[in-house]
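Source file: structure_3.cif; contents: mmCIF, C-alpha atoms.
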data_input
loop_
_atom_site.group_PDB
_atom_site.id
_atom_site.type_symbol
_atom_site.label_atom_id
_atom_site.label_comp_id
_atom_site.auth_asym_id
_atom_site.auth_seq_id
_atom_site.Cartn_x
_atom_site.Cartn_y
_atom_site.Cartn_z
ATOM 1 C CA MET A 123 8.552 -13.348 79.490
ATOM 2 C CA LYS A 124 10.145 -10.500 81.419
ATOM 3 C CA LEU A 125 8.022 -9.297 84.341
ATOM 4 C CA THR A 126 7.482 -5.612 85.045
ATOM 5 C CA ARG A 127 8.642 -4.190 88.365
ATOM 6 C CA ARG A 128 4.987 -3.893 89.430
ATOM 7 C CA GLN A 129 4.359 -7.572 88.687
ATOM 8 C CA ILE A 130 7.447 -8.610 90.630
ATOM 9 C CA LEU A 131 6.338 -6.618 93.659
ATOM 10 C CA TRP A 132 2.777 -7.944 93.417
ATOM 11 C CA SER A 133 4.109 -11.470 93.362
ATOM 12 C CA ALA A 134 5.927 -10.760 96.620
ATOM 13 C CA GLY A 135 2.528 -10.223 98.223
ATOM 14 C CA LEU A 136 3.274 -6.897 99.930
ATOM 15 C CA PRO A 137 3.178 -4.210 97.244
ATOM 16 C CA TRP A 138 2.415 -1.437 99.736
ATOM 17 C CA LEU A 139 5.559 -2.015 101.761
ATOM 18 C CA SER A 140 8.214 -2.997 99.260
ATOM 19 C CA ASN A 141 11.352 -0.912 98.906
ATOM 20 C CA ALA A 142 12.914 -3.377 96.506
ATOM 21 C CA ALA A 143 13.114 -0.933 93.626
ATOM 22 C CA PRO A 144 13.273 2.853 93.236
ATOM 23 C CA GLY A 145 10.232 4.898 92.312
ATOM 24 C CA PRO A 146 6.634 4.859 93.499
ATOM 25 C CA ILE A 147 4.289 1.899 93.437
ATOM 26 C CA PHE A 148 0.643 2.925 93.575
ATOM 27 C CA ASP A 149 -2.195 0.452 94.043
ATOM 28 C CA ILE A 150 -5.376 1.307 92.097
ATOM 29 C CA GLN A 151 -8.167 -0.734 93.644
ATOM 30 C CA GLY A 152 -11.535 -0.991 91.926
ATOM 31 C CA HIS A 153 -14.164 -0.819 94.680
ATOM 32 C CA ARG A 154 -16.670 -3.649 94.304
ATOM 33 C CA GLY A 155 -15.122 -3.966 90.869
ATOM 34 C CA ALA A 156 -16.000 -0.530 89.535
ATOM 35 C CA ARG A 157 -19.298 0.352 91.215
ATOM 36 C CA GLY A 158 -19.560 3.763 89.601
ATOM 37 C CA LEU A 159 -19.515 2.237 86.134
ATOM 38 C CA ALA A 160 -21.030 -1.266 86.393
ATOM 39 C CA PRO A 161 -23.256 -3.223 88.817
ATOM 40 C CA GLU A 162 -21.307 -3.755 92.011
ATOM 41 C CA ASN A 163 -19.594 -7.015 92.868
ATOM 42 C CA THR A 164 -20.591 -8.657 89.577
ATOM 43 C CA LEU A 165 -18.458 -10.233 86.888
ATOM 44 C CA ALA A 166 -19.463 -7.293 84.693
ATOM 45 C CA ALA A 167 -17.966 -4.890 87.234
ATOM 46 C CA PHE A 168 -14.770 -6.908 87.522
ATOM 47 C CA ASP A 169 -14.446 -7.101 83.726
ATOM 48 C CA THR A 170 -14.884 -3.319 83.584
ATOM 49 C CA ALA A 171 -12.219 -2.794 86.255
ATOM 50 C CA LEU A 172 -9.778 -5.095 84.473
ATOM 51 C CA ALA A 173 -10.334 -3.238 81.210
ATOM 52 C CA LEU A 174 -9.488 0.017 83.022
ATOM 53 C CA GLY A 175 -6.187 -1.434 84.205
ATOM 54 C CA VAL A 176 -6.686 -1.749 87.949
ATOM 55 C CA ASP A 177 -3.979 -3.338 90.048
ATOM 56 C CA THR A 178 -6.417 -4.863 92.524
ATOM 57 C CA LEU A 179 -10.051 -5.924 92.511
ATOM 58 C CA GLU A 180 -11.649 -4.992 95.834
ATOM 59 C CA LEU A 181 -14.699 -7.099 96.706
ATOM 60 C CA ASP A 182 -16.925 -8.284 99.534
ATOM 61 C CA LEU A 183 -17.585 -11.827 100.683
ATOM 62 C CA GLY A 184 -20.525 -13.591 102.248
ATOM 63 C CA LEU A 185 -20.915 -17.250 103.186
ATOM 64 C CA THR A 186 -24.032 -19.132 102.131
ATOM 65 C CA ARG A 187 -25.880 -21.691 104.225
ATOM 66 C CA ASP A 188 -24.278 -24.490 102.227
ATOM 67 C CA GLY A 189 -20.761 -23.140 102.677
ATOM 68 C CA HIS A 190 -20.078 -21.254 99.422
ATOM 69 C CA LEU A 191 -18.197 -17.947 99.353
ATOM 70 C CA VAL A 192 -20.200 -15.431 97.328
ATOM 71 C CA VAL A 193 -19.351 -11.882 96.330
ATOM 72 C CA THR A 194 -21.849 -9.536 97.922
ATOM 73 C CA HIS A 195 -21.661 -6.500 100.182
ATOM 74 C CA ASP A 196 -24.855 -6.783 102.201
ATOM 75 C CA LEU A 197 -25.693 -9.225 104.960
ATOM 76 C CA ARG A 198 -29.187 -9.464 103.446
ATOM 77 C CA LEU A 199 -30.177 -9.219 99.802
ATOM 78 C CA ASN A 200 -30.413 -5.512 99.013
ATOM 79 C CA PRO A 201 -33.811 -4.390 97.619
ATOM 80 C CA ASP A 202 -32.103 -1.577 95.678
ATOM 81 C CA ILE A 203 -30.127 -4.175 93.748
ATOM 82 C CA ALA A 204 -31.916 -7.513 93.715
ATOM 83 C CA ARG A 205 -34.813 -8.714 91.567
ATOM 84 C CA ASP A 206 -36.379 -12.127 92.012
ATOM 85 C CA ALA A 207 -36.796 -14.837 89.385
ATOM 86 C CA SER A 208 -39.948 -13.132 88.063
ATOM 87 C CA GLY A 209 -38.080 -9.848 87.594
ATOM 88 C CA ALA A 210 -39.802 -8.099 90.506
ATOM 89 C CA TRP A 211 -37.817 -5.852 92.815
ATOM 90 C CA LEU A 212 -37.678 -7.030 96.408
ATOM 91 C CA ALA A 213 -40.196 -5.160 98.533
ATOM 92 C CA GLY A 214 -37.727 -4.891 101.405
ATOM 93 C CA PRO A 215 -34.489 -6.426 102.676
ATOM 94 C CA GLY A 216 -34.299 -10.000 101.460
ATOM 95 C CA PRO A 217 -33.124 -13.110 103.263
ATOM 96 C CA ALA A 218 -29.764 -13.166 105.003
ATOM 97 C CA ILE A 219 -26.958 -14.574 102.857
ATOM 98 C CA VAL A 220 -26.039 -16.977 105.640
ATOM 99 C CA ASP A 221 -29.573 -18.425 105.581
ATOM 100 C CA ILE A 222 -29.844 -19.324 101.880
ATOM 101 C CA THR A 223 -28.040 -21.684 99.538
ATOM 102 C CA LEU A 224 -25.897 -20.845 96.552
ATOM 103 C CA ALA A 225 -28.614 -22.115 94.214
ATOM 104 C CA GLU A 226 -31.167 -19.851 95.891
ATOM 105 C CA ILE A 227 -28.984 -16.751 95.849
ATOM 106 C CA GLN A 228 -28.211 -17.137 92.166
ATOM 107 C CA THR A 229 -31.877 -16.926 91.219
ATOM 108 C CA TYR A 230 -31.685 -13.169 91.873
ATOM 109 C CA ASP A 231 -30.741 -10.671 89.178
ATOM 110 C CA VAL A 232 -28.345 -7.988 90.455
ATOM 111 C CA GLY A 233 -27.579 -6.349 87.122
ATOM 112 C CA ARG A 234 -29.012 -2.887 87.715
ATOM 113 C CA LEU A 235 -29.986 -0.413 90.429
ATOM 114 C CA ARG A 236 -33.649 0.112 91.312
ATOM 115 C CA PRO A 237 -34.903 3.048 89.190
ATOM 116 C CA GLY A 238 -35.796 6.088 91.251
ATOM 117 C CA SER A 239 -33.899 4.943 94.341
ATOM 118 C CA ARG A 240 -31.437 7.144 96.190
ATOM 119 C CA TYR A 241 -28.822 4.486 95.470
ATOM 120 C CA ALA A 242 -29.401 4.759 91.727
ATOM 121 C CA ALA A 243 -29.182 8.549 91.897
ATOM 122 C CA SER A 244 -25.759 8.212 93.550
ATOM 123 C CA TYR A 245 -24.334 6.335 90.550
ATOM 124 C CA PRO A 246 -25.686 7.976 87.387
ATOM 125 C CA PHE A 247 -22.868 6.594 85.219
ATOM 126 C CA GLN A 248 -23.426 2.955 86.154
ATOM 127 C CA VAL A 249 -24.268 0.932 83.042
ATOM 128 C CA PRO A 250 -26.818 -1.847 83.755
ATOM 129 C CA ALA A 251 -26.012 -5.453 82.926
ATOM 130 C CA ASP A 252 -29.295 -7.311 83.244
ATOM 131 C CA GLY A 253 -28.954 -10.984 84.032
ATOM 132 C CA GLU A 254 -25.884 -10.621 86.249
ATOM 133 C CA ARG A 255 -25.929 -12.955 89.240
ATOM 134 C CA ILE A 256 -24.089 -12.780 92.545
ATOM 135 C CA PRO A 257 -20.856 -14.571 91.641
ATOM 136 C CA THR A 258 -18.834 -16.988 93.702
ATOM 137 C CA LEU A 259 -15.312 -16.198 94.775
ATOM 138 C CA ALA A 260 -14.218 -19.145 92.632
ATOM 139 C CA GLU A 261 -15.621 -17.394 89.547
ATOM 140 C CA VAL A 262 -13.620 -14.256 90.336
ATOM 141 C CA PHE A 263 -10.492 -16.335 90.866
ATOM 142 C CA ALA A 264 -11.037 -17.837 87.404
ATOM 143 C CA LEU A 265 -11.396 -14.346 85.943
ATOM 144 C CA VAL A 266 -8.011 -13.177 87.217
ATOM 145 C CA GLN A 267 -6.302 -16.451 86.351
ATOM 146 C CA ALA A 268 -7.013 -15.843 82.661
ATOM 147 C CA PRO A 269 -4.218 -14.601 80.377
ATOM 148 C CA GLY A 270 -3.788 -10.870 80.679
ATOM 149 C CA ALA A 271 -5.075 -10.670 84.247
ATOM 150 C CA ARG A 272 -2.582 -12.811 86.123
ATOM 151 C CA HIS A 273 -0.815 -9.803 87.604
ATOM 152 C CA VAL A 274 -4.028 -8.479 89.205
ATOM 153 C CA ARG A 275 -4.541 -8.962 92.927
ATOM 154 C CA LEU A 276 -7.714 -9.396 94.983
ATOM 155 C CA ASN A 277 -8.493 -7.533 98.207
ATOM 156 C CA VAL A 278 -11.355 -9.499 99.748
ATOM 157 C CA GLU A 279 -13.458 -8.287 102.662
ATOM 158 C CA THR A 280 -15.096 -10.592 105.183
ATOM 159 C CA LYS A 281 -18.514 -9.020 105.706
ATOM 160 C CA LEU A 282 -19.219 -9.420 109.403
ATOM 161 C CA ASN A 283 -20.996 -7.393 112.045
ATOM 162 C CA PRO A 284 -20.415 -8.335 115.707
ATOM 163 C CA LEU A 285 -23.578 -6.381 116.580
ATOM 164 C CA GLN A 286 -25.699 -8.615 114.319
ATOM 165 C CA PRO A 287 -24.313 -12.102 114.902
ATOM 166 C CA ASP A 288 -27.487 -13.840 113.701
ATOM 167 C CA LEU A 289 -26.868 -12.479 110.197
ATOM 168 C CA CYS A 290 -23.222 -13.563 109.974
ATOM 169 C CA PRO A 291 -21.108 -16.691 110.006
ATOM 170 C CA GLU A 292 -18.806 -17.198 112.971
ATOM 171 C CA PRO A 293 -15.590 -15.182 112.386
ATOM 172 C CA ASP A 294 -13.299 -18.179 112.850
ATOM 173 C CA GLU A 295 -15.317 -20.323 110.446
ATOM 174 C CA PHE A 296 -15.477 -17.506 107.890
ATOM 175 C CA ALA A 297 -11.706 -17.052 108.063
ATOM 176 C CA ARG A 298 -11.118 -20.803 107.738
ATOM 177 C CA VAL A 299 -13.261 -21.048 104.608
ATOM 178 C CA VAL A 300 -11.566 -18.005 103.034
ATOM 179 C CA VAL A 301 -8.054 -19.295 103.718
ATOM 180 C CA GLN A 302 -8.955 -22.730 102.390
ATOM 181 C CA ALA A 303 -10.436 -21.247 99.189
ATOM 182 C CA VAL A 304 -7.393 -19.046 98.603
ATOM 183 C CA ARG A 305 -5.009 -21.958 99.055
ATOM 184 C CA GLN A 306 -7.009 -24.354 96.885
ATOM 185 C CA ALA A 307 -7.069 -21.804 94.069
ATOM 186 C CA GLY A 308 -3.306 -21.224 94.299
ATOM 187 C CA MET A 309 -3.942 -17.532 95.014
ATOM 188 C CA SER A 310 -2.044 -17.099 98.276
ATOM 189 C CA ASP A 311 0.449 -14.695 96.702
ATOM 190 C CA ARG A 312 -2.277 -12.543 95.108
ATOM 191 C CA VAL A 313 -4.844 -12.044 97.870
ATOM 192 C CA SER A 314 -5.160 -9.783 100.893
ATOM 193 C CA VAL A 315 -7.996 -10.042 103.404
ATOM 194 C CA GLN A 316 -9.602 -6.957 104.913
ATOM 195 C CA SER A 317 -12.388 -6.387 107.416
ATOM 196 C CA PHE A 318 -13.975 -3.922 109.815
ATOM 197 C CA ASP A 319 -14.393 -6.884 112.160
ATOM 198 C CA TRP A 320 -10.814 -7.648 113.142
ATOM 199 C CA ARG A 321 -11.706 -10.987 114.740
ATOM 200 C CA SER A 322 -11.678 -12.616 111.308
ATOM 201 C CA LEU A 323 -8.334 -10.985 110.489
ATOM 202 C CA ALA A 324 -6.762 -12.417 113.633
ATOM 203 C CA GLU A 325 -7.907 -15.890 112.629
ATOM 204 C CA VAL A 326 -6.619 -15.445 109.069
ATOM 205 C CA ARG A 327 -3.199 -14.562 110.475
ATOM 206 C CA ARG A 328 -3.273 -17.603 112.757
ATOM 207 C CA LEU A 329 -4.149 -19.948 109.896
ATOM 208 C CA ALA A 330 -2.033 -18.290 107.200
ATOM 209 C CA PRO A 331 0.590 -15.944 108.678
ATOM 210 C CA ALA A 332 1.909 -14.987 105.231
ATOM 211 C CA LEU A 333 -1.488 -13.849 103.943
ATOM 212 C CA PRO A 334 -1.606 -10.035 104.211
ATOM 213 C CA THR A 335 -4.437 -8.570 106.291
ATOM 214 C CA VAL A 336 -5.807 -5.048 106.070
ATOM 215 C CA ALA A 337 -7.603 -3.290 108.942
ATOM 216 C CA LEU A 338 -10.613 -1.299 107.766
ATOM 217 C CA THR A 339 -11.683 1.638 109.917
ATOM 218 C CA THR A 340 -14.309 4.325 110.002
ATOM 219 C CA ARG A 341 -14.966 7.028 112.578
ATOM 220 C CA GLN A 342 -18.322 8.269 111.350
ATOM 221 C CA PRO A 343 -21.775 8.657 112.925
ATOM 222 C CA TRP A 344 -22.975 5.475 111.204
ATOM 223 C CA LEU A 345 -20.075 3.459 112.631
ATOM 224 C CA ASP A 346 -16.981 4.040 114.739
ATOM 225 C CA ASN A 347 -15.439 0.584 114.772
ATOM 226 C CA VAL A 348 -12.147 1.596 116.385
ATOM 227 C CA ALA A 349 -13.968 2.830 119.495
ATOM 228 C CA ASP A 350 -15.679 -0.512 120.133
ATOM 229 C CA VAL A 351 -13.613 -3.525 121.178
ATOM 230 C CA ARG A 352 -16.247 -5.828 119.714
ATOM 231 C CA TRP A 353 -14.992 -4.763 116.282
ATOM 232 C CA THR A 354 -11.279 -4.664 117.098
ATOM 233 C CA ALA A 355 -10.878 -8.174 118.492
ATOM 234 C CA GLY A 356 -10.605 -6.812 122.022
ATOM 235 C CA LEU A 357 -7.980 -4.142 121.309
ATOM 236 C CA ALA A 358 -8.763 -0.843 123.055
ATOM 237 C CA LEU A 359 -7.910 2.466 121.413
ATOM 238 C CA ALA A 360 -7.080 3.987 124.807
ATOM 239 C CA ASP A 361 -4.365 1.394 125.345
ATOM 240 C CA HIS A 362 -2.580 2.762 122.289
ATOM 241 C CA GLY A 363 -2.643 6.427 123.176
ATOM 242 C CA GLY A 364 -5.784 7.092 121.149
ATOM 243 C CA SER A 365 -3.770 6.514 117.976
ATOM 244 C CA VAL A 366 -5.581 4.599 115.246
ATOM 245 C CA PRO A 367 -2.323 3.792 113.380
ATOM 246 C CA ARG A 368 -0.842 2.324 116.551
ATOM 247 C CA LEU A 369 -4.017 0.328 117.151
ATOM 248 C CA VAL A 370 -3.854 -1.048 113.600
ATOM 249 C CA LYS A 371 -0.179 -1.919 114.030
ATOM 250 C CA ALA A 372 -0.969 -3.758 117.264
ATOM 251 C CA SER A 373 -3.618 -5.789 115.441
ATOM 252 C CA GLY A 374 -0.967 -7.384 113.225
ATOM 253 C CA ALA A 375 -2.343 -5.995 109.954
ATOM 254 C CA VAL A 376 0.200 -4.963 107.315
ATOM 255 C CA ALA A 377 -1.998 -2.174 105.960
ATOM 256 C CA TRP A 378 -4.592 0.310 107.158
ATOM 257 C CA SER A 379 -7.623 1.228 105.088
ATOM 258 C CA PRO A 380 -9.425 4.206 106.670
ATOM 259 C CA PHE A 381 -12.507 6.032 105.408
ATOM 260 C CA HIS A 382 -10.889 8.778 103.359
ATOM 261 C CA GLY A 383 -12.701 11.552 105.232
ATOM 262 C CA ASP A 384 -11.165 10.398 108.519
ATOM 263 C CA LEU A 385 -7.536 10.446 107.408
ATOM 264 C CA SER A 386 -5.273 13.334 108.382
ATOM 265 C CA ARG A 387 -1.824 13.966 106.988
ATOM 266 C CA ALA A 388 -0.340 13.521 110.471
ATOM 267 C CA GLU A 389 -1.989 10.104 110.863
ATOM 268 C CA LEU A 390 -0.731 9.099 107.439
ATOM 269 C CA ALA A 391 2.817 10.011 108.424
ATOM 270 C CA GLU A 392 2.460 8.124 111.699
ATOM 271 C CA ALA A 393 1.167 5.006 109.930
ATOM 272 C CA GLN A 394 3.958 5.141 107.371
ATOM 273 C CA ALA A 395 6.545 5.472 110.143
ATOM 274 C CA LEU A 396 5.080 2.288 111.659
ATOM 275 C CA GLY A 397 5.557 0.488 108.342
ATOM 276 C CA LEU A 398 1.870 0.341 107.429
ATOM 277 C CA GLY A 399 0.582 0.708 103.903
ATOM 278 C CA VAL A 400 -2.307 3.209 103.852
ATOM 279 C CA LEU A 401 -5.123 2.730 101.309
ATOM 280 C CA PRO A 402 -8.119 5.022 101.932
ATOM 281 C CA TRP A 403 -11.655 4.104 100.830
ATOM 282 C CA THR A 404 -13.923 4.967 98.914
ATOM 283 C CA VAL A 405 -12.324 7.916 97.093
ATOM 284 C CA ASN A 406 -14.395 9.162 94.164
ATOM 285 C CA ASP A 407 -14.102 12.954 94.099
ATOM 286 C CA MET A 408 -11.261 14.204 91.904
ATOM 287 C CA ASP A 409 -10.120 16.774 94.463
ATOM 288 C CA ASP A 410 -9.848 14.050 97.103
ATOM 289 C CA ILE A 411 -8.056 11.742 94.673
ATOM 290 C CA GLU A 412 -5.506 14.426 93.787
ATOM 291 C CA ARG A 413 -4.979 15.443 97.420
ATOM 292 C CA LEU A 414 -4.413 11.917 98.699
ATOM 293 C CA ILE A 415 -2.041 11.047 95.869
ATOM 294 C CA ASP A 416 -0.088 14.196 96.719
ATOM 295 C CA TRP A 417 0.011 13.136 100.373
ATOM 296 C CA GLY A 418 1.709 9.890 99.390
ATOM 297 C CA VAL A 419 -0.814 7.175 100.180
ATOM 298 C CA ALA A 420 0.044 3.650 98.967
ATOM 299 C CA GLY A 421 -3.106 3.382 96.888
ATOM 300 C CA LEU A 422 -6.775 4.277 96.641
ATOM 301 C CA ILE A 423 -9.976 2.258 96.657
ATOM 302 C CA SER A 424 -12.438 3.901 94.279
ATOM 303 C CA ASP A 425 -15.757 3.307 92.550
ATOM 304 C CA TYR A 426 -14.142 5.108 89.608
ATOM 305 C CA PRO A 427 -10.694 3.596 89.081
ATOM 306 C CA ASP A 428 -10.556 5.392 85.742
ATOM 307 C CA ARG A 429 -10.440 8.701 87.628
ATOM 308 C CA VAL A 430 -7.544 7.518 89.765
ATOM 309 C CA ARG A 431 -5.669 6.298 86.703
ATOM 310 C CA SER A 432 -6.295 9.635 84.983
ATOM 311 C CA ALA A 433 -4.900 11.546 87.981
ATOM 312 C CA LEU A 434 -1.806 9.361 88.019
ATOM 313 C CA LYS A 435 -1.324 9.684 84.272
ATOM 314 C CA ARG A 436 -1.196 13.479 84.584
ATOM 315 C CA ARG A 437 1.803 13.022 86.869
#

Structure translated into structure tokens:
Amino acid sequence: MKLTRRQILWSAGLPWLSNAAPGPIFDIQGHRGARGLAPENTLAAFDTALALGVDTLELDLGLTRDGHLVVTHDLRLNPDIARDASGAWLAGPGPAIVDITLAEIQTYDVGRLRPGSRYAASYPFQVPADGERIPTLAEVFALVQAPGARHVRLNVETKLNPLQPDLCPEPDEFARVVVQAVRQAGMSDRVSVQSFDWRSLAEVRRLAPALPTVALTTRQPWLDNVADVRWTAGLALADHGGSVPRLVKASGAVAWSPFHGDLSRAELAEAQALGLGVLPWTVNDMDDIERLIDWGVAGLISDYPDRVRSALKRR
């Protein structure tokens, strides 16, 4: 079977940086699968994203008490998503992922958003899939190892918060378990690891130097991780001239994934000159999608990968 140019570049592990062939390579990443269209971080969402033709499944990882990697965004079970075994919505934040077992976490149904919640109002096109459970990373690996999906990559995020250590695994242990799982599944050439907490990225690079890492950043009122050395593995923004691209480069990451509202065209050019791939998150508005494609970003992370594909198709 003859591989496409995209598949060849994906297999090289660094699609954002390759100059091996003429013409653009653009990475469409389905955020949490395709959160705008299906329940986030579920097999239903990943199936939806694959059907839409994404290049990469973006997803979040937690580590259970008994050492299993599970695909979930929140450090605690989210009451806007989770229902217990009786079908009742959680009254408030549930137990921390790190404090419960895989068997316990999979008793919860995460197949729809709580009716009437602000979260549900934010995603009016999401189609419920009752009965969906929080999947394991191994289940997602199996999904993309099936015929027809073997060219698709995974961009996995270690969900850590240095300000809430009691709710998180130790960064080094988290990184070790992720690297081990990737290697055991034979997925080393199809996975990148991203995080806002760069401590785990540093450990991934130590354990698996060839595994691409992606530095997530946000400079918003709810979090400014580049201004706090607890998030950046001790790297200080001031030591790099106040330049976020230079800080990311110093971290050893091969790509930078900023909140899309933070990115300026000048910073994009600076990052590209440093050899960084730039993949903004989470880009859902069509005007933003069109603008960032025009700017020349390496890819977009979106809850609506169909919108990104539509914008590209028009070109």

Quiz item: Do you know which residues are at most 10 Å from A:Arg272 counting only C-alpha atoms, after dropping those on the same chain fewer than 3 positions away, and could you put them as a PyMOL selection string?
Solution: chain A and resi 129+133+263-269+275+312

Quiz item: Where does the PyMOL selection byres ((chain A and resi 297-300) around 12) land in this file, that is, which residues does it pick, as a PyMOL selection string?
Solution: chain A and resi 182-186+188-193+258-260+277-282+291-296+301-307+309-310+313-317+319-330+333+335

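The gap separating atom CA of A:Asp384 from atom CA of A:Val348 is 11.8 Å, in Å to one decimal.
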
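With distances restricted to all atoms listed in the file, A:Val419 is the closest residue to A:Ser379 from A:Leu285, A:Val419, A:Val220, A:Ala271.
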
Practice problem: Name the residues, using the chain letters and numbers of the file, that sit within 10 Å of (-34.6, -16.8, 89.2) when counting all atoms listed in the file, and give them as a ChimeraX atom specification. | Solution: /A:205-209,225-231,253,255

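Coordinates place atom CA of A:Pro284 at a distance of 27.2 Å from atom CA of A:Arg240.
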
Exercise. Quick one: apply the PyMOL selection byres ((chain A and resi 390) around 12) to the file and drop the selected residues here as a ChimeraX atom specification.
Key: /A:365-368,377-380,382,384-389,391-402,414-420

Just C-alpha atoms for this one: save the residues we selected as a PDB file, in the coordinates of the input.
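This went into again_8.pdb:
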ATOM      1  CA  SER A 365      -3.770   6.514 117.976  1.00  0.00           C
ATOM      2  CA  VAL A 366      -5.581   4.599 115.246  1.00  0.00           C
ATOM      3  CA  PRO A 367      -2.323   3.792 113.380  1.00  0.00           C
ATOM      4  CA  ARG A 368      -0.842   2.324 116.551  1.00  0.00           C
ATOM      5  CA  ALA A 377      -1.998  -2.174 105.960  1.00  0.00           C
ATOM      6  CA  TRP A 378      -4.592   0.310 107.158  1.00  0.00           C
ATOM      7  CA  SER A 379      -7.623   1.228 105.088  1.00  0.00           C
ATOM      8  CA  PRO A 380      -9.425   4.206 106.670  1.00  0.00           C
ATOM      9  CA  HIS A 382     -10.889   8.778 103.359  1.00  0.00           C
ATOM     10  CA  ASP A 384     -11.165  10.398 108.519  1.00  0.00           C
ATOM     11  CA  LEU A 385      -7.536  10.446 107.408  1.00  0.00           C
ATOM     12  CA  SER A 386      -5.273  13.334 108.382  1.00  0.00           C
ATOM     13  CA  ARG A 387      -1.824  13.966 106.988  1.00  0.00           C
ATOM     14  CA  ALA A 388      -0.340  13.521 110.471  1.00  0.00           C
ATOM     15  CA  GLU A 389      -1.989  10.104 110.863  1.00  0.00           C
ATOM     16  CA  ALA A 391       2.817  10.011 108.424  1.00  0.00           C
ATOM     17  CA  GLU A 392       2.460   8.124 111.699  1.00  0.00           C
ATOM     18  CA  ALA A 393       1.167   5.006 109.930  1.00  0.00           C
ATOM     19  CA  GLN A 394       3.958   5.141 107.371  1.00  0.00           C
ATOM     20  CA  ALA A 395       6.545   5.472 110.143  1.00  0.00           C
ATOM     21  CA  LEU A 396       5.080   2.288 111.659  1.00  0.00           C
ATOM     22  CA  GLY A 397       5.557   0.488 108.342  1.00  0.00           C
ATOM     23  CA  LEU A 398       1.870   0.341 107.429  1.00  0.00           C
ATOM     24  CA  GLY A 399       0.582   0.708 103.903  1.00  0.00           C
ATOM     25  CA  VAL A 400      -2.307   3.209 103.852  1.00  0.00           C
ATOM     26  CA  LEU A 401      -5.123   2.730 101.309  1.00  0.00           C
ATOM     27  CA  PRO A 402      -8.119   5.022 101.932  1.00  0.00           C
ATOM     28  CA  LEU A 414      -4.413  11.917  98.699  1.00  0.00           C
ATOM     29  CA  ILE A 415      -2.041  11.047  95.869  1.00  0.00           C
ATOM     30  CA  ASP A 416      -0.088  14.196  96.719  1.00  0.00           C
ATOM     31  CA  TRP A 417       0.011  13.136 100.373  1.00  0.00           C
ATOM     32  CA  GLY A 418       1.709   9.890  99.390  1.00  0.00           C
ATOM     33  CA  VAL A 419      -0.814   7.175 100.180  1.00  0.00           C
ATOM     34  CA  ALA A 420       0.044   3.650  98.967  1.00  0.00           C
TER      35      ALA A 420
END

Skip A:Asp149 itself and residues of its chain fewer than 5 positions away, then list as a PDB file with C-alpha atoms, in the coordinates of the input all residues within 7 Å of it, counting only C-alpha atoms.
ATOM      1  CA  ASP A 177      -3.979  -3.338  90.048  1.00  0.00           C
ATOM      2  CA  THR A 178      -6.417  -4.863  92.524  1.00  0.00           C
ATOM      3  CA  ALA A 420       0.044   3.650  98.967  1.00  0.00           C
ATOM      4  CA  GLY A 421      -3.106   3.382  96.888  1.00  0.00           C
ATOM      5  CA  LEU A 422      -6.775   4.277  96.641  1.00  0.00           C
TER       6      LEU A 422
END

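Evaluated against the shown file, the PyMOL selection byres ((chain A and resi 243-249) around 12) gives Gly155, Ala156, Arg157, Gly158, Leu159, Ala160, Pro161, Glu162, Ala166, Ala167, Thr170, Asp202, Gly233, Arg234, Leu235, Arg236, Pro237, Gly238, Ser239, Arg240, Tyr241, Ala242, Pro250, Ala251, Asp252, Asn406, Asp425 and Tyr426 of chain A.
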
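Atom CA of A:Val232 is found 5.5 Å from atom CA of A:Glu254.
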
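In this comparison, which uses only C-alpha atoms, the residue of A:Asn200, A:Asn283, A:Thr354, A:Thr404 approaching A:Ile423 most closely is A:Thr404.
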
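Closest approach to A:Pro257 among A:Arg413, A:Arg341, A:Arg436, A:Arg154 is made by A:Arg154 (distances from all atoms listed in the file).
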